[in-house]
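So this block is coords08.cif, mmCIF, C-alpha atoms:
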```cif
data_coords
#
loop_
_atom_site.label_atom_id
_atom_site.label_comp_id
_atom_site.auth_asym_id
_atom_site.auth_seq_id
_atom_site.Cartn_x
_atom_site.Cartn_y
_atom_site.Cartn_z
CA MET P 1 27.63 154.70 -139.35
CA VAL P 2 26.74 158.08 -140.86
CA THR P 3 23.91 158.68 -143.34
CA VAL P 4 24.60 161.04 -146.22
CA LYS P 5 21.67 162.37 -148.25
CA PHE P 6 21.72 164.07 -151.66
CA PHE P 7 19.04 166.25 -153.14
CA ALA P 8 17.85 167.77 -156.43
CA SER P 9 20.49 167.95 -159.20
CA PHE P 10 23.12 166.37 -156.91
CA ARG P 11 20.86 163.37 -156.31
CA GLU P 12 20.38 162.97 -160.05
CA LYS P 13 24.07 163.38 -160.93
CA ILE P 14 25.18 160.98 -158.21
CA GLY P 15 22.36 158.57 -158.99
CA LYS P 16 21.58 158.00 -155.31
CA SER P 17 19.49 159.78 -152.73
CA GLU P 18 21.29 158.30 -149.75
CA ILE P 19 24.47 156.49 -148.82
CA LYS P 20 25.59 154.93 -145.50
CA LEU P 21 29.17 155.37 -144.49
CA SER P 22 31.17 153.72 -141.80
CA THR P 23 33.25 156.40 -140.06
CA GLY P 24 34.76 154.44 -137.18
CA GLY P 25 33.92 156.96 -134.48
CA GLU P 26 34.14 160.74 -134.35
CA THR P 27 35.31 162.57 -137.46
CA THR P 28 34.70 165.84 -139.36
CA VAL P 29 32.55 166.87 -142.30
CA GLU P 30 35.74 167.28 -144.34
CA ASN P 31 36.83 163.70 -143.61
CA VAL P 32 33.41 162.34 -144.49
CA ILE P 33 33.59 164.11 -147.86
CA GLU P 34 37.09 162.69 -148.44
CA ALA P 35 35.80 159.19 -147.69
CA LEU P 36 32.78 159.74 -149.93
CA GLU P 37 35.00 160.85 -152.81
CA LYS P 38 36.41 157.31 -152.91
CA LYS P 39 32.90 155.88 -153.32
CA ILE P 40 31.65 158.66 -155.58
CA PRO P 41 34.55 159.92 -157.72
CA GLY P 42 33.96 163.54 -158.78
CA LEU P 43 31.90 164.41 -155.71
CA LYS P 44 34.37 167.05 -154.50
CA LYS P 45 34.35 168.71 -157.90
CA LEU P 46 30.54 168.69 -157.87
CA ILE P 47 30.54 170.25 -154.40
CA ALA P 48 32.97 172.99 -155.45
CA GLU P 49 31.41 173.78 -158.81
CA GLY P 50 27.83 173.42 -157.67
CA ASN P 51 28.24 175.79 -154.70
CA ALA P 52 27.04 172.97 -152.51
CA VAL P 53 25.55 173.40 -149.07
CA VAL P 54 26.51 170.79 -146.50
CA ALA P 55 24.15 170.25 -143.60
CA LEU P 56 24.87 168.25 -140.47
CA ASN P 57 21.79 167.08 -138.55
CA GLU P 58 19.63 169.54 -140.46
CA GLU P 59 21.82 172.60 -139.83
CA VAL P 60 24.27 174.14 -142.30
CA ALA P 61 27.73 173.00 -141.23
CA ALA P 62 31.35 174.03 -141.77
CA GLU P 63 34.03 171.61 -143.00
CA ASP P 64 35.52 171.23 -139.53
CA ALA P 65 32.20 170.41 -137.85
CA VAL P 66 32.40 167.25 -135.74
CA VAL P 67 30.48 164.26 -137.06
CA LYS P 68 29.41 161.59 -134.59
CA GLU P 69 28.11 158.05 -135.00
CA GLY P 70 24.49 158.09 -136.21
CA ASP P 71 24.64 161.67 -137.55
CA GLU P 72 22.94 162.72 -140.76
CA ILE P 73 24.74 164.76 -143.39
CA ALA P 74 23.04 166.25 -146.44
CA ILE P 75 24.79 167.64 -149.50
CA PHE P 76 22.70 169.76 -151.82
CA PRO P 77 22.73 172.63 -154.32
CA PRO P 78 21.61 176.17 -153.40
CA VAL P 79 17.90 176.21 -152.65
CA SER P 80 15.20 177.49 -155.03
CA GLY P 81 11.84 177.29 -153.30
CA GLY P 82 9.06 179.77 -153.86
CA CYS P 83 8.97 181.10 -157.39
CA ARG P 84 11.17 183.29 -159.55
CA HIS P 85 10.87 187.06 -160.03
CA ASP P 86 7.99 187.28 -157.65
CA MET Z 1 0.82 177.02 -139.10
CA ILE Z 2 3.61 175.46 -141.17
CA LYS Z 3 2.83 172.96 -143.88
CA ILE Z 4 4.69 171.25 -146.70
CA GLN Z 5 2.23 169.28 -148.76
CA LYS Z 6 1.54 167.80 -152.18
CA GLU Z 7 -2.09 168.91 -152.27
CA ASP Z 8 -3.31 172.33 -153.27
CA PHE Z 9 -4.59 174.70 -150.59
CA SER Z 10 -7.41 177.20 -150.31
CA VAL Z 11 -6.18 180.74 -149.69
CA GLU Z 12 -9.53 181.70 -148.20
CA GLU Z 13 -9.53 178.74 -145.79
CA GLU Z 14 -5.97 179.44 -144.66
CA ILE Z 15 -6.71 183.13 -144.08
CA LYS Z 16 -9.76 182.12 -142.07
CA LYS Z 17 -7.58 179.92 -139.83
CA VAL Z 18 -5.11 182.75 -139.25
CA LYS Z 19 -7.92 185.21 -138.52
CA ALA Z 20 -9.34 182.84 -135.90
CA LYS Z 21 -6.06 183.06 -133.92
CA SER Z 22 -6.65 186.53 -132.51
CA ALA Z 23 -9.40 189.11 -132.30
CA ARG Z 24 -6.69 191.79 -132.26
CA ILE Z 25 -5.88 191.18 -135.93
CA GLY Z 26 -6.65 194.23 -138.03
CA GLY Z 27 -4.51 193.67 -141.12
CA ILE Z 28 -3.63 190.53 -143.04
CA VAL Z 29 -1.10 190.36 -145.87
CA ALA Z 30 -0.96 187.23 -148.00
CA PHE Z 31 1.65 186.39 -150.62
CA LEU Z 32 0.69 183.69 -153.09
CA GLY Z 33 3.32 182.33 -155.47
CA THR Z 34 1.94 180.55 -158.54
CA ALA Z 35 3.45 178.57 -161.43
CA ARG Z 36 4.13 180.78 -164.41
CA GLU Z 37 4.08 179.61 -168.01
CA PHE Z 38 7.18 181.45 -169.17
CA SER Z 39 10.50 181.59 -167.34
CA ARG Z 40 14.01 182.54 -168.44
CA GLY Z 41 13.03 182.54 -172.12
CA LYS Z 42 11.47 179.10 -172.02
CA ASP Z 43 7.92 177.80 -172.10
CA ILE Z 44 7.34 175.82 -168.96
CA LYS Z 45 5.21 172.70 -169.09
CA LYS Z 46 5.21 172.00 -165.37
CA LEU Z 47 7.30 172.34 -162.22
CA GLN Z 48 8.65 169.66 -159.96
CA TYR Z 49 9.51 170.54 -156.35
CA GLU Z 50 11.72 168.46 -154.09
CA HIS Z 51 12.47 169.12 -150.43
CA TYR Z 52 14.63 167.83 -147.60
CA ALA Z 53 11.72 166.91 -145.35
CA GLY Z 54 13.25 167.12 -141.87
CA MET Z 55 15.32 170.25 -142.46
CA ALA Z 56 12.68 172.05 -144.54
CA HIS Z 57 10.09 171.68 -141.75
CA LYS Z 58 12.61 172.78 -139.15
CA LYS Z 59 13.71 175.82 -141.18
CA LEU Z 60 10.12 176.88 -141.93
CA GLU Z 61 9.24 176.61 -138.26
CA GLU Z 62 12.32 178.71 -137.37
CA LEU Z 63 11.33 181.23 -140.02
CA ARG Z 64 7.86 181.60 -138.52
CA GLU Z 65 9.27 181.92 -134.99
CA ARG Z 66 11.71 184.62 -136.12
CA ALA Z 67 8.98 186.54 -137.96
CA LEU Z 68 6.80 186.46 -134.83
CA LYS Z 69 9.71 187.67 -132.75
CA ASN Z 70 11.16 190.32 -135.09
CA PHE Z 71 7.97 191.93 -136.36
CA ASP Z 72 4.93 193.21 -134.57
CA VAL Z 73 2.72 190.46 -135.97
CA LEU Z 74 0.17 188.23 -134.25
CA GLU Z 75 0.29 185.19 -136.51
CA VAL Z 76 2.25 183.87 -139.49
CA ALA Z 77 1.30 180.88 -141.62
CA ILE Z 78 3.44 179.31 -144.34
CA ILE Z 79 2.44 176.58 -146.80
CA HIS Z 80 4.70 175.26 -149.56
CA ARG Z 81 3.68 172.57 -152.03
CA THR Z 82 6.02 169.86 -153.31
CA GLY Z 83 5.90 167.34 -156.11
CA GLU Z 84 4.43 168.15 -159.48
CA ILE Z 85 2.84 171.55 -159.98
CA LYS Z 86 1.05 172.52 -163.18
CA ILE Z 87 1.00 175.96 -164.78
CA GLY Z 88 -1.31 178.34 -162.96
CA GLU Z 89 -1.39 176.28 -159.78
CA ASN Z 90 -0.50 177.53 -156.31
CA ILE Z 91 3.06 176.94 -155.06
CA VAL Z 92 3.56 178.86 -151.86
CA LEU Z 93 1.40 180.89 -149.48
CA ILE Z 94 2.57 183.22 -146.74
CA ILE Z 95 0.08 184.91 -144.48
CA ALA Z 96 1.13 187.55 -141.98
CA ALA Z 97 -1.43 189.01 -139.61
CA ALA Z 98 -0.96 192.05 -137.39
CA GLU Z 99 -2.89 194.78 -135.65
CA HIS Z 100 -1.82 197.18 -138.38
CA ARG Z 101 -0.96 196.66 -142.04
CA ARG Z 102 2.61 197.97 -142.07
CA GLU Z 103 4.10 195.21 -139.90
CA ALA Z 104 2.09 192.57 -141.78
CA PHE Z 105 3.54 193.74 -145.11
CA LYS Z 106 7.08 193.78 -143.71
CA ALA Z 107 6.81 190.33 -142.14
CA CYS Z 108 5.28 188.78 -145.24
CA GLU Z 109 8.02 190.09 -147.54
CA TRP Z 110 10.76 189.06 -145.13
CA CYS Z 111 9.31 185.54 -144.91
CA ILE Z 112 9.27 184.89 -148.65
CA ASP Z 113 12.80 186.30 -149.06
CA GLU Z 114 14.11 184.13 -146.22
CA LEU Z 115 12.24 181.07 -147.44
CA LYS Z 116 13.95 181.34 -150.81
CA ARG Z 117 17.33 181.78 -149.18
CA ALA Z 118 17.35 179.24 -146.38
CA VAL Z 119 14.71 176.53 -146.73
CA PRO Z 120 15.90 173.37 -148.55
CA ILE Z 121 13.34 173.20 -151.33
CA TRP Z 122 14.36 172.90 -154.98
CA LYS Z 123 12.52 173.53 -158.19
CA LYS Z 124 12.89 171.76 -161.48
CA GLU Z 125 11.41 173.34 -164.58
CA VAL Z 126 10.13 170.94 -167.20
CA THR Z 127 10.27 172.75 -170.56
CA SER Z 128 9.80 171.73 -174.16
CA ASP Z 129 13.64 171.56 -174.37
CA GLY Z 130 14.05 169.28 -171.36
CA GLU Z 131 14.34 169.54 -167.61
CA VAL Z 132 16.43 171.98 -165.63
CA TRP Z 133 16.99 172.43 -161.92
CA VAL Z 134 16.77 176.06 -160.84
CA GLU Z 135 19.68 176.71 -158.55
CA GLU Z 136 20.08 180.42 -158.89
CA HIS Z 137 20.99 181.35 -155.34
CA ALA Z 138 24.67 180.57 -155.82
#
```
Using structure tokens, write down the structure from this file.
Amino acid sequence: MVTVKFFASFREKIGKSEIKLSTGGETTVENVIEALEKKIPGLKKLIAEGNAVVALNEEVAAEDAVVKEGDEIAIFPPVSGGCRHD
Amino acid sequence: MIKIQKEDFSVEEEIKKVKAKSARIGGIVAFLGTAREFSRGKDIKKLQYEHYAGMAHKKLEELRERALKNFDVLEVAIIHRTGEIKIGENIVLIIAAAEHRREAFKACEWCIDELKRAVPIWKKEVTSDGEVWVEEHA
């Protein structure tokens, strides 16, 4: 089982802050996203158009990063902490 | 010296804590980000901050460690608020302390730039026209 978290506008658009996914052993970030697309149609489009960041166990990860049982993935828009024009 | 919290903070208190870390400190630079009323042509009613707790703490801690390593500073403190923030309230505080001012200025500026680039914290502006997530770092 892999936990996938969504934040900010992605969380609102998807309507969920977290989803559990059965991966059946080792896989990749890309495969997890493919599997998620079936549960959340339009997710891939949101990722592409929203310049999404994908993190694996709290580190930014590439599509081919290896995902293991119990890992945590997070999909979120570009960050905007602090304040603007400061 | 890293905090993500809902509550407001006292700049004076936080500077005092940093100062207490070393008697060698001779220059302290503090950056305080506050909630502005007007942004991108819209009147802002309030701000709403969300963060990815585990990763945000980890990235802020890394940021502090890197600042301590890359600049000639003695202490760095970072506080970011989350949740609802009203106009005029404090949002973020960065304190960099060094023997001399130049390194403190450099470290402080680097920290706020890096924070905005790499720490998973998001801001939503609540305006009279509705709510909008600010995701400008695309």
Specify as a PyMOL selection string all residues of chain Z found within 6 Å of chain P, counting all atoms listed in the file. chain Z and resi 55+92+116+120-123+135+137-138
Carefully work through the PyMOL selection byres ((chain Z and resi 24) around 9) for this structure and note down the residues it includes, as a PyMOL selection string. chain Z and resi 21-23+25-26+74+98-99
Which residues, named as in the file, does the PyMOL selection byres ((chain Z and resi 83) around 6) pick out? Answer as an MDAnalysis selection string. chainID Z and resid 6 48:49 82 84
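As for CA of Ile47 in chain P and CA of Glu125 in chain Z, they are spaced 21.9 Å apart.
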Check what the PyMOL selection byres ((chain P and resi 70) around 9) selects in the file above and give those residues as a ChimeraX atom specification. /P:1-3,67-69,71-72
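Atom pair CA of Lys45 in chain P / CA of Glu30 in chain P: separated by 13.7 Å.
Closest to Lys106 in chain Z among Z:Phe71, Z:Glu50, Z:Ile79, Z:Ile2 is Z:Phe71, based on all atoms listed in the file.
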Could you give me, as number ranges by chain, the residues within 10 Å of Val76 in chain Z, counting only C-alpha atoms and dropping anything in the same chain fewer than 5 positions from it? Z: 1-2, 18, 28-30, 63-65, 67-68, 94-98, 104, 107-108, 111
Write the residues you've just listed into a file as a PDB file, in the frame of the given file, and include C-alpha atoms for each of them.
```
ATOM      1  CA  MET Z   1       0.820 177.020-139.100  1.00  0.00           C
ATOM      2  CA  ILE Z   2       3.610 175.460-141.170  1.00  0.00           C
ATOM      3  CA  VAL Z  18      -5.110 182.750-139.250  1.00  0.00           C
ATOM      4  CA  ILE Z  28      -3.630 190.530-143.040  1.00  0.00           C
ATOM      5  CA  VAL Z  29      -1.100 190.360-145.870  1.00  0.00           C
ATOM      6  CA  ALA Z  30      -0.960 187.230-148.000  1.00  0.00           C
ATOM      7  CA  LEU Z  63      11.330 181.230-140.020  1.00  0.00           C
ATOM      8  CA  ARG Z  64       7.860 181.600-138.520  1.00  0.00           C
ATOM      9  CA  GLU Z  65       9.270 181.920-134.990  1.00  0.00           C
ATOM     10  CA  ALA Z  67       8.980 186.540-137.960  1.00  0.00           C
ATOM     11  CA  LEU Z  68       6.800 186.460-134.830  1.00  0.00           C
ATOM     12  CA  ILE Z  94       2.570 183.220-146.740  1.00  0.00           C
ATOM     13  CA  ILE Z  95       0.080 184.910-144.480  1.00  0.00           C
ATOM     14  CA  ALA Z  96       1.130 187.550-141.980  1.00  0.00           C
ATOM     15  CA  ALA Z  97      -1.430 189.010-139.610  1.00  0.00           C
ATOM     16  CA  ALA Z  98      -0.960 192.050-137.390  1.00  0.00           C
ATOM     17  CA  ALA Z 104       2.090 192.570-141.780  1.00  0.00           C
ATOM     18  CA  ALA Z 107       6.810 190.330-142.140  1.00  0.00           C
ATOM     19  CA  CYS Z 108       5.280 188.780-145.240  1.00  0.00           C
ATOM     20  CA  CYS Z 111       9.310 185.540-144.910  1.00  0.00           C
TER      21      CYS Z 111
END
```
Between CA of Glu89 in chain Z and CA of Arg36 in chain Z, distance in Å (one decimal): 8.5 Å
Env of His80 in chain Z: 8 Å cut, atoms = only C-alpha atoms, seq-sep filter 5 positions within chain, self excluded. Answer as a PDB file with C-alpha atoms, in the frame of the given file.
```pdb
ATOM      1  CA  GLY P  82       9.060 179.770-153.860  1.00  0.00           C
TER       2      GLY P  82
ATOM      3  CA  LYS Z   3       2.830 172.960-143.880  1.00  0.00           C
ATOM      4  CA  ILE Z   4       4.690 171.250-146.700  1.00  0.00           C
ATOM      5  CA  GLN Z   5       2.230 169.280-148.760  1.00  0.00           C
ATOM      6  CA  ILE Z  91       3.060 176.940-155.060  1.00  0.00           C
ATOM      7  CA  VAL Z  92       3.560 178.860-151.860  1.00  0.00           C
ATOM      8  CA  LEU Z  93       1.400 180.890-149.480  1.00  0.00           C
TER       9      LEU Z  93
END
```
Contacts of Asn90 in chain Z at 9 Å (only C-alpha atoms; same-chain gap of 2+ positions) as a PyMOL selection string: chain Z and resi 8-9+32-35+80-81+85-88+92-93
Taking every listed atom of range 9-22 of chain P and adding 8 Å to each side, what centre and edge lengths in Å (one decimal) does the axis-aligned box have, as JSON?
```
{"center_x": 25.3, "center_y": 160.8, "center_z": -151.4, "size_x": 27.7, "size_y": 30.2, "size_z": 35.1}
```
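Distance annotation: of Z:Glu75, Z:Gly130, Z:Glu114, Z:Tyr52, the residue with the minimal separation from Glu18 in chain P is Z:Tyr52; atom set is all atoms listed in the file.
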Need the shell around Asp64 in chain P: protein/DNA/RNA residues with any atom at most 12 Å away, counting all atoms listed in the file. Skip same-chain ones fewer than 4 positions apart. Format as an mmCIF file with C-alpha atoms, keeping the file's coordinate frame?
```cif
data_model
loop_
_atom_site.group_PDB
_atom_site.id
_atom_site.type_symbol
_atom_site.label_atom_id
_atom_site.label_comp_id
_atom_site.auth_asym_id
_atom_site.auth_seq_id
_atom_site.Cartn_x
_atom_site.Cartn_y
_atom_site.Cartn_z
ATOM 1 C CA GLU P 26 34.140 160.740 -134.350
ATOM 2 C CA THR P 27 35.310 162.570 -137.460
ATOM 3 C CA THR P 28 34.700 165.840 -139.360
ATOM 4 C CA VAL P 29 32.550 166.870 -142.300
ATOM 5 C CA GLU P 30 35.740 167.280 -144.340
ATOM 6 C CA ASN P 31 36.830 163.700 -143.610
ATOM 7 C CA VAL P 32 33.410 162.340 -144.490
ATOM 8 C CA ILE P 33 33.590 164.110 -147.860
ATOM 9 C CA VAL P 54 26.510 170.790 -146.500
ATOM 10 C CA LEU P 56 24.870 168.250 -140.470
ATOM 11 C CA VAL P 60 24.270 174.140 -142.300
#
```
Need to verify the contact set: Lys42 in chain Z, 8 Å, all atoms listed in the file, exclusion of same-chain residues closer than 4 positions in sequence. Can you return it as number ranges by chain? Z: 38, 127-128
